[in-house]
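Q: Provided herewith is a single structure, encoded as structure tokens, for subsequent inquiry.
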Amino acid sequence: MSLIKGVILDPLNRKKFNGAIEINDGRITQIHKTGESVPQQYILPGFVDSHIHIESSMLVPSEFSRLAVRHGTIATVSDPHEIANVCGIEGVNFMINNGEKVPFKFFFGAPSCVPATPFETSGATLDSQDVDKLLERDDILYLAEMMNWPGVLSSDEEVMAKIRSAQKRGKPVDGHAPGLKGKRARAYAKAGISTDHECTTKEEALDKLQAGMKIAIREGSAAKNYEALISLLGEYPEKIMFCSDDKHPDDLLFGHINELAARSLQRGFELFDTLRACSVNPVTHYKLPVGLLQLNDPADFIIVKDLDTMQVSETWINGECVYKNRTVHMPHVAFEPINNFVMNETRPSDFVFESDESEQPVIIAHDGELITGMEYESLPVKDGNVQPEPDRDILKITVVSRYQKAKPSVGFIKNFGLRKGAFASSVAHDSHNIIAIGTSDKFLSDVVNMIMKSEGGIATVDDERKEILPLPVGGIMSDQPGEIAASKYERLSFMVKEMGSSITSPFMLISFMALLVIPRLKISDKGLFDGETFEFIKNG
């Protein structure tokens with residue numbers, strides 16, 4: 001039996017009182033209120049990330065959990081979409097099995113869109129029958145983000161079959177519909193979509209709220225929508241959740257949902273409304289077996305010394321203290337990596353952009369945004385090879401298939417700022433082919449070959465240095481402890497910035513330049529793609 005004393009924060013009943021919780025066999029068996037003084041610490045429900053791809057931390061679930069519990073996160077609503085695109089159902093099983101080896105509560109969904117589009121080469125396909133079999137399982141709690149919103153609006157039979165599979169089992173369906181408003185948002189929600197995490201403006205979020213969806217305010221390593229949407233917390237506290245979507249390991253070292261809690265309280269949002277977004281709303285929406293400081297609940301809670309910073313001193317899951325005094329009390333887990341990678345050494349000549357036309361479409365990247373622009377720029381042409389212009393911050397971008405031997409697709413991109421060199425990643429949403437940006441064909445070839453030889457990784461190269469963080473688990477996750485992977489990731493990000501980039505998180509942002517379902521101009525292994533018209537601009 002354990003007895004924990006402090007100021008108890010009960011967001012379900014909106015009460016704050018001095019007291020103690022008594023824990024037996026992993027559950028809260030007594031909640032004592034007292035008029036006496038208690039230790040100056042706050043006891044509150046643990047935080048829940050309402051939508052995240054664990055793979056984007058570049059860590060396997062067990063290692064992700066060791067970093068997350070330091071910040072009071074006890075559970076995640078996790079879409080294993082990334083590993084499913086690489087390894088199919090075997091990848092989903094890997095994530096579930098690895099996560100079960102630690103006390104942390106991972107709640108996985110059935111990926112709804114594998115591959116995300118037919119306009120790229122992926123490692124697997126999950127059709128409606130595969131999704132139905134996944135949803136039969138008790139350890140699959142929901143249908144993960146339905147990115148094919150055009151398929152929803154057109155009542156595509158495969159898409160609707162997946163949605164019906166979730167509905168007949170009473171499992172929620174997550175949404176993904178950037179920019180959708182008005183009648184289309186209402187039609188999307190009416191089809192059974194219950195949430196959205198892609199809103200970038202309050203106007204868009206209000207449309208979706210009024211259509212009946214809940215909104216997950218996203219603040220990740222690349223997409224940061226908190227500032228635009230946080231006023232909704234005061235207006236619709238019962239319909240707002242917090243999520244990170246994608247959180248790279250260096251960011252996860254320093255904070256998670258606790259940062260959003262602290263920011264919200266510092267801005268004057270009501271305490272219990274804030275805690276609803278951090279824990280109550282995701283727990284109730286997804287019917288998660290996660291405690292909320294109620295009698296007979298699982299003893300899932302955290303202790304913080306002050307509410308201004310939300311710095312966590314203790315994290316408890318199922319009555320077990322998994323973090324205290326800056327020490328994680330969970331083991332490192334041994335595992336066998338899985339992967340799906342075809343080696344294909346490249347040459348500089350593979351990255352030639354053949355054209356006699358100087359006017360070319362250019363991807364316009366924006367720091368902190370997944371949405372890109374498109375502009376036509378006049379570029380120099382040398383012997384039929386269109387050249388990048390680093391002095392104008394127009395660089396070459398390429399995607400190279402990691403599933404088959406094929407010619408790379410090549411285009412141009414602006415706003416990454418490299419002066420000389422290249423960087424690359426085999427984390428490239430959603431099919432996770434190799435994506436690279438560089439100032440020359442030679443640098444592109446060098447950096448892609450580094451990743452090929454490691455069968456996955458993130459890497460940088462210039463005239464003096466070549467460095468890589470290998471990602472041998474599906475080509476998207478490290479097999480190293482979280483602290484080691486985070487340190488190496490931070491080092492590589494710093495190198496990209498030394499090469500001239502001012503992007504806050506360059507490896508995170510580059511990983512979304514291949515995400516075709518986010519407008520506007522993107523690139524897959526098959527060519528440049530217009531995300532508004534859903535058509536190729538130039539086949540690579």
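If you're wondering about the labels, chains in the structure tokens are A, B, ... by order shown, residues count from 1 in each chain, ligands from 1 in order shown.
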Can you tell me, as number ranges by chain, which residues in stretch 264-423 of chain A count as helix (DSSP H, G or I) by DSSP?

A: A: 264-266, 271-285, 348-351, 390-392

Q: Go through stretch 268-354 of chain A and flag each residue having an atom no more than 7 Å from stretch 3-15 of chain A; for those, report the closest pair of atoms plus their distance in Å to one decimal, using only C-alpha atoms, ordered by chain and rising number, as a tab-separated table.

A:
residue	atom	partner	partner_atom	distance
A:Phe272	CA	A:Pro11	CA	5.1
A:Leu275	CA	A:Pro11	CA	6.3
A:Arg276	CA	A:Pro11	CA	6.5
A:Leu293	CA	A:Asp10	CA	6.5

Q: For the residues in the current selection, export N, CA and C atoms as an mmCIF file, in the first residue's frame.

A:
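selection-v5.cif written:
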data_model
loop_
_atom_site.group_PDB
_atom_site.id
_atom_site.type_symbol
_atom_site.label_atom_id
_atom_site.label_comp_id
_atom_site.auth_asym_id
_atom_site.auth_seq_id
_atom_site.Cartn_x
_atom_site.Cartn_y
_atom_site.Cartn_z
ATOM 1 N N PHE A 272 -8.870 23.726 -14.616
ATOM 2 C CA PHE A 272 -9.505 22.444 -14.917
ATOM 3 C C PHE A 272 -9.833 22.294 -16.403
ATOM 4 N N LEU A 275 -6.560 21.020 -17.730
ATOM 5 C CA LEU A 275 -6.349 19.603 -17.421
ATOM 6 C C LEU A 275 -7.275 18.700 -18.227
ATOM 7 N N ARG A 276 -8.429 19.202 -18.594
ATOM 8 C CA ARG A 276 -9.316 18.423 -19.478
ATOM 9 C C ARG A 276 -8.615 18.141 -20.802
ATOM 10 N N LEU A 293 -7.780 10.021 -11.354
ATOM 11 C CA LEU A 293 -7.817 10.359 -9.930
ATOM 12 C C LEU A 293 -9.206 10.183 -9.325
#

Q: Determine which residues of stretch 343-517 of chain A DSSP labels as strand (DSSP E) from the backbone of this structure, then write them out as an NGL selection string.

A: :A and (359-364 or 373-378 or 381-382 or 385-386 or 394-400 or 409-414 or 422-425 or 434-438 or 457-461 or 466-470)

Q: Store the residues of this selection in a file with C-alpha atoms, as an mmCIF file, in the first residue's frame.

A:
data_model
loop_
_atom_site.group_PDB
_atom_site.id
_atom_site.type_symbol
_atom_site.label_atom_id
_atom_site.label_comp_id
_atom_site.auth_asym_id
_atom_site.auth_seq_id
_atom_site.Cartn_x
_atom_site.Cartn_y
_atom_site.Cartn_z
ATOM 1 C CA GLU A 359 11.406 28.181 -65.783
ATOM 2 C CA GLN A 360 10.742 25.457 -63.194
ATOM 3 C CA PRO A 361 8.271 24.862 -60.341
ATOM 4 C CA VAL A 362 9.849 25.308 -56.910
ATOM 5 C CA ILE A 363 8.579 23.990 -53.573
ATOM 6 C CA ILE A 364 8.297 26.879 -51.086
ATOM 7 C CA GLY A 373 3.743 26.895 -51.584
ATOM 8 C CA MET A 374 4.635 26.714 -55.255
ATOM 9 C CA GLU A 375 6.396 29.307 -57.390
ATOM 10 C CA TYR A 376 7.950 29.208 -60.822
ATOM 11 C CA GLU A 377 11.555 30.389 -60.885
ATOM 12 C CA SER A 378 14.014 30.970 -63.718
ATOM 13 C CA VAL A 381 20.578 25.421 -67.482
ATOM 14 C CA LYS A 382 23.962 23.815 -68.186
ATOM 15 C CA ASN A 385 20.854 20.030 -66.602
ATOM 16 C CA VAL A 386 18.843 22.618 -64.659
ATOM 17 C CA ILE A 394 17.033 27.470 -54.393
ATOM 18 C CA LEU A 395 18.344 23.954 -53.840
ATOM 19 C CA LYS A 396 17.838 20.531 -55.344
ATOM 20 C CA ILE A 397 15.513 18.105 -53.588
ATOM 21 C CA THR A 398 15.304 14.413 -54.371
ATOM 22 C CA VAL A 399 13.367 11.334 -53.307
ATOM 23 C CA VAL A 400 14.988 7.927 -53.882
ATOM 24 C CA SER A 409 12.894 11.966 -58.700
ATOM 25 C CA VAL A 410 14.384 15.459 -58.581
ATOM 26 C CA GLY A 411 12.980 18.945 -58.094
ATOM 27 C CA PHE A 412 13.811 22.289 -56.508
ATOM 28 C CA ILE A 413 13.042 23.786 -53.100
ATOM 29 C CA LYS A 414 13.386 27.179 -51.455
ATOM 30 C CA ALA A 422 23.475 18.150 -48.330
ATOM 31 C CA PHE A 423 21.375 16.415 -45.715
ATOM 32 C CA ALA A 424 19.032 13.465 -46.013
ATOM 33 C CA SER A 425 16.600 11.255 -44.141
ATOM 34 C CA ILE A 434 14.993 8.571 -48.850
ATOM 35 C CA ILE A 435 14.613 12.335 -49.150
ATOM 36 C CA ALA A 436 17.553 14.736 -49.502
ATOM 37 C CA ILE A 437 18.247 18.417 -50.105
ATOM 38 C CA GLY A 438 21.605 19.616 -51.390
ATOM 39 C CA GLY A 457 19.143 6.985 -41.063
ATOM 40 C CA ILE A 458 19.528 10.737 -41.069
ATOM 41 C CA ALA A 459 22.782 12.126 -42.423
ATOM 42 C CA THR A 460 24.709 15.234 -43.391
ATOM 43 C CA VAL A 461 27.670 15.769 -45.697
ATOM 44 C CA LYS A 466 30.092 13.006 -43.143
ATOM 45 C CA GLU A 467 27.927 11.974 -40.212
ATOM 46 C CA ILE A 468 24.909 9.710 -39.786
ATOM 47 C CA LEU A 469 22.473 8.519 -37.136
ATOM 48 C CA PRO A 470 21.581 4.985 -38.293
#

Q: Please identify all polymer residues within 12 Å of A:Ile371, counting only C-alpha atoms, omitting same-chain residues fewer than 3 positions from it, and present them as an mmCIF file with N, CA and C atoms, in the first residue's frame.

A:
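Just written: out.cif:
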data_model
loop_
_atom_site.group_PDB
_atom_site.id
_atom_site.type_symbol
_atom_site.label_atom_id
_atom_site.label_comp_id
_atom_site.auth_asym_id
_atom_site.auth_seq_id
_atom_site.Cartn_x
_atom_site.Cartn_y
_atom_site.Cartn_z
ATOM 1 N N PRO A 178 -6.632 18.775 -43.731
ATOM 2 C CA PRO A 178 -6.120 20.143 -43.678
ATOM 3 C C PRO A 178 -6.885 21.077 -44.608
ATOM 4 N N GLY A 179 -7.361 22.189 -44.050
ATOM 5 C CA GLY A 179 -8.019 23.223 -44.850
ATOM 6 C C GLY A 179 -9.477 22.987 -45.138
ATOM 7 N N GLU A 198 -5.353 18.740 -37.803
ATOM 8 C CA GLU A 198 -4.665 19.437 -38.887
ATOM 9 C C GLU A 198 -5.037 20.909 -39.014
ATOM 10 N N CYS A 199 -5.856 21.433 -38.126
ATOM 11 C CA CYS A 199 -6.289 22.824 -38.249
ATOM 12 C C CYS A 199 -5.115 23.775 -38.050
ATOM 13 N N THR A 200 -5.031 24.768 -38.909
ATOM 14 C CA THR A 200 -3.973 25.780 -38.791
ATOM 15 C C THR A 200 -4.538 27.171 -38.504
ATOM 16 N N ALA A 222 7.567 19.975 -36.028
ATOM 17 C CA ALA A 222 7.468 20.683 -37.309
ATOM 18 C C ALA A 222 6.237 21.579 -37.329
ATOM 19 N N ALA A 223 5.066 20.999 -37.138
ATOM 20 C CA ALA A 223 3.818 21.775 -37.178
ATOM 21 C C ALA A 223 3.498 22.309 -35.793
ATOM 22 N N LYS A 224 3.323 23.622 -35.731
ATOM 23 C CA LYS A 224 3.073 24.283 -34.444
ATOM 24 C C LYS A 224 1.828 25.161 -34.594
ATOM 25 N N ILE A 363 9.282 24.162 -54.846
ATOM 26 C CA ILE A 363 8.579 23.990 -53.573
ATOM 27 C C ILE A 363 8.984 25.132 -52.640
ATOM 28 N N ILE A 364 8.014 25.808 -52.045
ATOM 29 C CA ILE A 364 8.297 26.879 -51.086
ATOM 30 C C ILE A 364 8.007 26.349 -49.686
ATOM 31 N N ALA A 365 9.066 26.060 -48.935
ATOM 32 C CA ALA A 365 8.928 25.534 -47.581
ATOM 33 C C ALA A 365 8.750 26.677 -46.586
ATOM 34 N N HIS A 366 8.040 26.408 -45.503
ATOM 35 C CA HIS A 366 7.815 27.404 -44.447
ATOM 36 C C HIS A 366 8.168 26.774 -43.107
ATOM 37 N N ASP A 367 9.037 27.419 -42.357
ATOM 38 C CA ASP A 367 9.451 26.895 -41.056
ATOM 39 C C ASP A 367 8.244 26.760 -40.138
ATOM 40 N N GLY A 368 8.084 25.574 -39.529
ATOM 41 C CA GLY A 368 6.987 25.349 -38.605
ATOM 42 C C GLY A 368 5.658 25.032 -39.253
ATOM 43 N N MET A 374 4.033 27.041 -53.968
ATOM 44 C CA MET A 374 4.635 26.714 -55.255
ATOM 45 C C MET A 374 4.854 27.998 -56.031
ATOM 46 N N LEU A 509 11.259 19.029 -40.788
ATOM 47 C CA LEU A 509 10.578 19.686 -41.901
ATOM 48 C C LEU A 509 10.809 18.947 -43.218
ATOM 49 N N ILE A 510 12.035 18.481 -43.459
ATOM 50 C CA ILE A 510 12.293 17.777 -44.719
ATOM 51 C C ILE A 510 11.457 16.513 -44.807
ATOM 52 N N PHE A 512 8.484 16.053 -44.180
ATOM 53 C CA PHE A 512 7.132 16.320 -44.651
ATOM 54 C C PHE A 512 7.091 16.842 -46.082
ATOM 55 N N MET A 513 8.239 17.028 -46.700
ATOM 56 C CA MET A 513 8.243 17.506 -48.079
ATOM 57 C C MET A 513 7.794 16.421 -49.063
ATOM 58 N N ALA A 514 7.672 15.184 -48.574
ATOM 59 C CA ALA A 514 7.161 14.095 -49.415
ATOM 60 C C ALA A 514 5.734 13.715 -49.033
ATOM 61 N N LEU A 515 5.101 14.466 -48.138
ATOM 62 C CA LEU A 515 3.748 14.128 -47.683
ATOM 63 C C LEU A 515 2.730 14.737 -48.650
ATOM 64 N N LEU A 516 2.281 13.928 -49.595
ATOM 65 C CA LEU A 516 1.498 14.426 -50.717
ATOM 66 C C LEU A 516 0.105 14.887 -50.322
ATOM 67 N N VAL A 517 -0.406 14.427 -49.175
ATOM 68 C CA VAL A 517 -1.768 14.790 -48.784
ATOM 69 C C VAL A 517 -1.840 16.156 -48.110
ATOM 70 N N ILE A 518 -0.689 16.813 -47.933
ATOM 71 C CA ILE A 518 -0.664 18.179 -47.403
ATOM 72 C C ILE A 518 -0.279 19.112 -48.544
ATOM 73 N N PRO A 519 -1.158 20.055 -48.930
ATOM 74 C CA PRO A 519 -0.825 20.937 -50.052
ATOM 75 C C PRO A 519 0.374 21.830 -49.715
ATOM 76 N N ARG A 520 1.093 22.481 -50.664
ATOM 77 C CA ARG A 520 0.615 22.344 -52.016
ATOM 78 C C ARG A 520 1.589 21.516 -52.849
ATOM 79 N N LEU A 521 2.789 22.043 -53.107
ATOM 80 C CA LEU A 521 3.725 21.292 -53.951
ATOM 81 C C LEU A 521 4.610 20.404 -53.087
ATOM 82 N N LYS A 522 4.616 19.101 -53.386
ATOM 83 C CA LYS A 522 5.446 18.137 -52.683
ATOM 84 C C LYS A 522 6.142 17.246 -53.711
ATOM 85 N N ASP A 530 1.228 18.093 -57.138
ATOM 86 C CA ASP A 530 0.397 19.212 -56.697
ATOM 87 C C ASP A 530 -0.692 18.661 -55.769
ATOM 88 N N GLY A 531 -0.604 18.993 -54.471
ATOM 89 C CA GLY A 531 -1.542 18.468 -53.484
ATOM 90 C C GLY A 531 -2.916 19.086 -53.554
ATOM 91 N N GLU A 532 -3.103 20.118 -54.371
ATOM 92 C CA GLU A 532 -4.435 20.711 -54.529
ATOM 93 C C GLU A 532 -5.198 20.060 -55.683
#

Q: How close does stretch 84-176 of chain A get to stretch 320-327 of chain A? List, as a Markdown table, each residue of stretch 84-176 of chain A within 10 Å, its nearest atom pair and the distance in Å to one decimal, counting only C-alpha atoms.

A:
| residue | atom | partner | partner_atom | distance |
| --- | --- | --- | --- | --- |
| A:Val102 | CA | A:Val322 | CA | 9.7 |
| A:Pro103 | CA | A:Val322 | CA | 7.9 |
| A:Phe104 | CA | A:Val322 | CA | 8.7 |

Q: From the set A:Glu100, A:Asp196, A:Glu82, A:Glu157, which residue has the shortest atom-to-atom contact distance to A:Asp139, counting only C-alpha atoms?

A: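 Nearest candidate to A:Asp139 out of A:Glu100, A:Asp196, A:Glu82, A:Glu157: A:Glu100.
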
Q: Excluding stretch 36-50 of chain A and residues on its chain fewer than 4 positions from it, collect all residues at most 8 Å away from it, counting only C-alpha atoms, and give them as a ChimeraX atom specification.

A: /A:5-10,18-19,72-78,216,241-244,257-258,275,278-279,282-283,291-293,300-307,315-316

Q: Just C-alpha atoms for this one: save the residues we selected as a PDB file, in the first residue's frame.

A:
ATOM      1  CA  LYS A   5      -0.197  13.352   0.102  1.00  0.00           C
ATOM      2  CA  GLY A   6      -0.498  16.762  -1.502  1.00  0.00           C
ATOM      3  CA  VAL A   7      -2.920  19.186  -3.131  1.00  0.00           C
ATOM      4  CA  ILE A   8      -5.195  16.976  -5.230  1.00  0.00           C
ATOM      5  CA  LEU A   9      -6.499  18.355  -8.528  1.00  0.00           C
ATOM      6  CA  ASP A  10      -9.662  16.543  -9.648  1.00  0.00           C
ATOM      7  CA  ASN A  18      -5.633  19.009   0.461  1.00  0.00           C
ATOM      8  CA  GLY A  19      -5.645  15.274   0.771  1.00  0.00           C
ATOM      9  CA  GLY A  72       4.368  13.442 -16.913  1.00  0.00           C
ATOM     10  CA  THR A  73       3.093  11.718 -20.052  1.00  0.00           C
ATOM     11  CA  ILE A  74       1.625   8.356 -19.083  1.00  0.00           C
ATOM     12  CA  ALA A  75      -0.248   7.426 -22.260  1.00  0.00           C
ATOM     13  CA  THR A  76      -0.408   8.103 -25.976  1.00  0.00           C
ATOM     14  CA  VAL A  77      -3.032   7.642 -28.666  1.00  0.00           C
ATOM     15  CA  SER A  78      -0.576   6.260 -31.176  1.00  0.00           C
ATOM     16  CA  ALA A 216      -6.582  18.238 -31.136  1.00  0.00           C
ATOM     17  CA  MET A 241      -7.269  18.026 -26.718  1.00  0.00           C
ATOM     18  CA  PHE A 242      -3.505  18.496 -26.985  1.00  0.00           C
ATOM     19  CA  CYS A 243      -1.241  16.494 -29.256  1.00  0.00           C
ATOM     20  CA  SER A 244       2.202  16.590 -30.796  1.00  0.00           C
ATOM     21  CA  ILE A 257       2.307  17.858 -23.125  1.00  0.00           C
ATOM     22  CA  ASN A 258       3.463  19.446 -19.845  1.00  0.00           C
ATOM     23  CA  LEU A 275      -6.349  19.603 -17.421  1.00  0.00           C
ATOM     24  CA  CYS A 278      -4.255  17.307 -21.169  1.00  0.00           C
ATOM     25  CA  SER A 279      -5.956  14.163 -19.927  1.00  0.00           C
ATOM     26  CA  PRO A 282      -8.639  12.049 -24.739  1.00  0.00           C
ATOM     27  CA  VAL A 283      -9.366   9.467 -22.028  1.00  0.00           C
ATOM     28  CA  GLY A 291      -6.989   6.718 -14.369  1.00  0.00           C
ATOM     29  CA  LEU A 292      -8.299  10.231 -13.715  1.00  0.00           C
ATOM     30  CA  LEU A 293      -7.817  10.359  -9.930  1.00  0.00           C
ATOM     31  CA  ASP A 300      -2.139   6.880 -12.979  1.00  0.00           C
ATOM     32  CA  PHE A 301      -1.036  10.324 -11.819  1.00  0.00           C
ATOM     33  CA  ILE A 302       1.831  12.782 -11.638  1.00  0.00           C
ATOM     34  CA  ILE A 303       3.242  15.101  -9.002  1.00  0.00           C
ATOM     35  CA  VAL A 304       4.441  18.625  -9.773  1.00  0.00           C
ATOM     36  CA  LYS A 305       5.923  21.188  -7.403  1.00  0.00           C
ATOM     37  CA  ASP A 306       4.305  24.199  -9.068  1.00  0.00           C
ATOM     38  CA  LEU A 307       1.707  24.767 -11.757  1.00  0.00           C
ATOM     39  CA  THR A 315       5.154   9.911 -12.532  1.00  0.00           C
ATOM     40  CA  TRP A 316       3.030   6.926 -11.472  1.00  0.00           C
TER      41      TRP A 316
END

Q: A:Tyr403, A:Phe269, A:Tyr286, A:Tyr489: which is nearest A:Phe341, counting only C-alpha atoms?

A: A:Tyr403

Q: Taking into account only C-alpha atoms, which residue in the set A:Glu158, A:Asp446, A:Asp391, A:Asp525 is nearest to A:Ala428?

A: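 Closest to A:Ala428 of all the choices is A:Asp525.
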
Q: Quick one: residues within 12 Å of A:Lys420, only C-alpha atoms, excluding same-chain residues fewer than 4 positions away - as an NGL selection string?

A: :A and (388-391 or 393-396 or 416 or 437-444 or 460-465 or 495-501)

Q: Only N, CA and C atoms, please: the residues just picked out, written as an mmCIF file, in the first residue's frame.

A:
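Below is the file out.cif, written as the result:
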data_model
loop_
_atom_site.group_PDB
_atom_site.id
_atom_site.type_symbol
_atom_site.label_atom_id
_atom_site.label_comp_id
_atom_site.auth_asym_id
_atom_site.auth_seq_id
_atom_site.Cartn_x
_atom_site.Cartn_y
_atom_site.Cartn_z
ATOM 1 N N PRO A 388 20.696 24.169 -59.450
ATOM 2 C CA PRO A 388 20.242 24.903 -58.262
ATOM 3 C C PRO A 388 20.990 26.224 -58.146
ATOM 4 N N GLU A 389 20.468 27.128 -57.352
ATOM 5 C CA GLU A 389 21.153 28.408 -57.102
ATOM 6 C C GLU A 389 21.179 28.666 -55.599
ATOM 7 N N PRO A 390 22.178 28.117 -54.899
ATOM 8 C CA PRO A 390 22.252 28.321 -53.451
ATOM 9 C C PRO A 390 22.281 29.786 -53.042
ATOM 10 N N ASP A 391 22.856 30.659 -53.868
ATOM 11 C CA ASP A 391 22.903 32.084 -53.536
ATOM 12 C C ASP A 391 21.506 32.689 -53.458
ATOM 13 N N ASP A 393 19.016 30.696 -52.515
ATOM 14 C CA ASP A 393 18.359 29.732 -51.632
ATOM 15 C C ASP A 393 17.400 28.827 -52.404
ATOM 16 N N ILE A 394 17.784 28.454 -53.618
ATOM 17 C CA ILE A 394 17.033 27.470 -54.393
ATOM 18 C C ILE A 394 17.929 26.250 -54.554
ATOM 19 N N LEU A 395 17.524 25.154 -53.922
ATOM 20 C CA LEU A 395 18.344 23.954 -53.840
ATOM 21 C C LEU A 395 17.664 22.801 -54.559
ATOM 22 N N LYS A 396 18.430 21.742 -54.797
ATOM 23 C CA LYS A 396 17.838 20.531 -55.344
ATOM 24 C C LYS A 396 17.262 19.675 -54.210
ATOM 25 N N PHE A 416 15.347 26.504 -47.356
ATOM 26 C CA PHE A 416 16.125 25.685 -46.419
ATOM 27 C C PHE A 416 17.498 26.287 -46.146
ATOM 28 N N ILE A 437 18.124 17.067 -49.559
ATOM 29 C CA ILE A 437 18.247 18.417 -50.105
ATOM 30 C C ILE A 437 19.729 18.748 -50.160
ATOM 31 N N GLY A 438 20.185 19.318 -51.275
ATOM 32 C CA GLY A 438 21.605 19.616 -51.390
ATOM 33 C C GLY A 438 21.910 20.692 -52.407
ATOM 34 N N THR A 439 23.159 21.128 -52.373
ATOM 35 C CA THR A 439 23.606 22.196 -53.263
ATOM 36 C C THR A 439 24.236 21.668 -54.544
ATOM 37 N N SER A 440 24.469 20.354 -54.626
ATOM 38 C CA SER A 440 25.066 19.786 -55.838
ATOM 39 C C SER A 440 24.676 18.319 -55.972
ATOM 40 N N ASP A 441 24.816 17.807 -57.193
ATOM 41 C CA ASP A 441 24.522 16.396 -57.443
ATOM 42 C C ASP A 441 25.491 15.494 -56.685
ATOM 43 N N LYS A 442 26.721 15.910 -56.559
ATOM 44 C CA LYS A 442 27.727 15.119 -55.842
ATOM 45 C C LYS A 442 27.349 14.986 -54.364
ATOM 46 N N PHE A 443 26.991 16.075 -53.736
ATOM 47 C CA PHE A 443 26.604 16.011 -52.327
ATOM 48 C C PHE A 443 25.349 15.151 -52.145
ATOM 49 N N LEU A 444 24.393 15.276 -53.071
ATOM 50 C CA LEU A 444 23.180 14.471 -52.962
ATOM 51 C C LEU A 444 23.499 12.984 -53.047
ATOM 52 N N THR A 460 24.252 13.982 -42.796
ATOM 53 C CA THR A 460 24.709 15.234 -43.391
ATOM 54 C C THR A 460 26.069 15.019 -44.031
ATOM 55 N N VAL A 461 26.368 15.837 -45.039
ATOM 56 C CA VAL A 461 27.670 15.769 -45.697
ATOM 57 C C VAL A 461 28.026 17.151 -46.247
ATOM 58 N N ASP A 462 29.271 17.527 -46.101
ATOM 59 C CA ASP A 462 29.804 18.699 -46.793
ATOM 60 C C ASP A 462 31.236 18.370 -47.205
ATOM 61 N N ASP A 463 32.044 19.377 -47.502
ATOM 62 C CA ASP A 463 33.402 19.113 -47.967
ATOM 63 C C ASP A 463 34.275 18.455 -46.907
ATOM 64 N N GLU A 464 33.948 18.663 -45.634
ATOM 65 C CA GLU A 464 34.834 18.202 -44.562
ATOM 66 C C GLU A 464 34.247 17.091 -43.705
ATOM 67 N N ARG A 465 32.927 16.932 -43.665
ATOM 68 C CA ARG A 465 32.331 16.011 -42.700
ATOM 69 C C ARG A 465 31.266 15.127 -43.344
ATOM 70 N N MET A 495 24.638 20.587 -37.318
ATOM 71 C CA MET A 495 25.480 20.600 -38.511
ATOM 72 C C MET A 495 24.740 21.203 -39.705
ATOM 73 N N VAL A 496 23.452 20.865 -39.867
ATOM 74 C CA VAL A 496 22.675 21.443 -40.960
ATOM 75 C C VAL A 496 22.601 22.965 -40.815
ATOM 76 N N LYS A 497 22.452 23.420 -39.581
ATOM 77 C CA LYS A 497 22.402 24.863 -39.355
ATOM 78 C C LYS A 497 23.758 25.514 -39.607
ATOM 79 N N GLU A 498 24.850 24.803 -39.289
ATOM 80 C CA GLU A 498 26.176 25.309 -39.611
ATOM 81 C C GLU A 498 26.375 25.421 -41.123
ATOM 82 N N MET A 499 25.676 24.599 -41.870
ATOM 83 C CA MET A 499 25.762 24.646 -43.328
ATOM 84 C C MET A 499 24.903 25.760 -43.913
ATOM 85 N N GLY A 500 24.203 26.518 -43.042
ATOM 86 C CA GLY A 500 23.490 27.699 -43.496
ATOM 87 C C GLY A 500 22.004 27.711 -43.249
ATOM 88 N N SER A 501 21.412 26.580 -42.841
ATOM 89 C CA SER A 501 19.963 26.536 -42.687
ATOM 90 C C SER A 501 19.517 27.264 -41.421
#

Q: Using only C-alpha atoms, find the one residue out of A:Leu126, A:Met147, A:Ala116, A:Leu252 that sits nearest to A:Glu483.

A: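 When distances to A:Glu483 are compared using only C-alpha atoms, the smallest one comes from A:Leu252.
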
Q: Taking 6 positions as the minimum chain separation for residues in the same chain, which residues sit within 8 Å of A:Val328 when counting only C-alpha atoms? Answer as JSON, numbers by chain.

A: {"A": [66, 69, 70, 322]}

Q: Nearest residue to A:Phe108 out of A:Asp250, A:Glu227, A:Asp79, A:Asp174, using only C-alpha atoms?

A: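 The answer is A:Asp79, which sits nearest to A:Phe108.
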
Q: Considering only C-alpha atoms, return as a list in words whatever protein or nucleic-acid residues lie within 9 Å of A:Ile230, sequence-local ones (same chain, fewer than 6 positions apart) excluded.

A: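 Contacts, with the query itself left out: Lys202, Ile217 and Ser264 of chain A.
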
Q: Which one is closest to A:Tyr236: A:Ala191, A:Ala277, A:Ile83, A:Gln266? Count only C-alpha atoms.

A: A:Ala277

Q: Mind pulling up the distance from atom CA of A:Asn97 to atom CA of A:Ser431?

A: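 Atom-to-atom, atom CA of A:Ser431 and atom CA of A:Asn97 are spaced 22.3 Å apart.
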
Q: Report, in Å to a single decimal, how far apart atom CA of A:Glu219 and atom CA of A:Ala205 are.

A: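 Pair atom CA of A:Ala205 / atom CA of A:Glu219 returns 14.9 Å.
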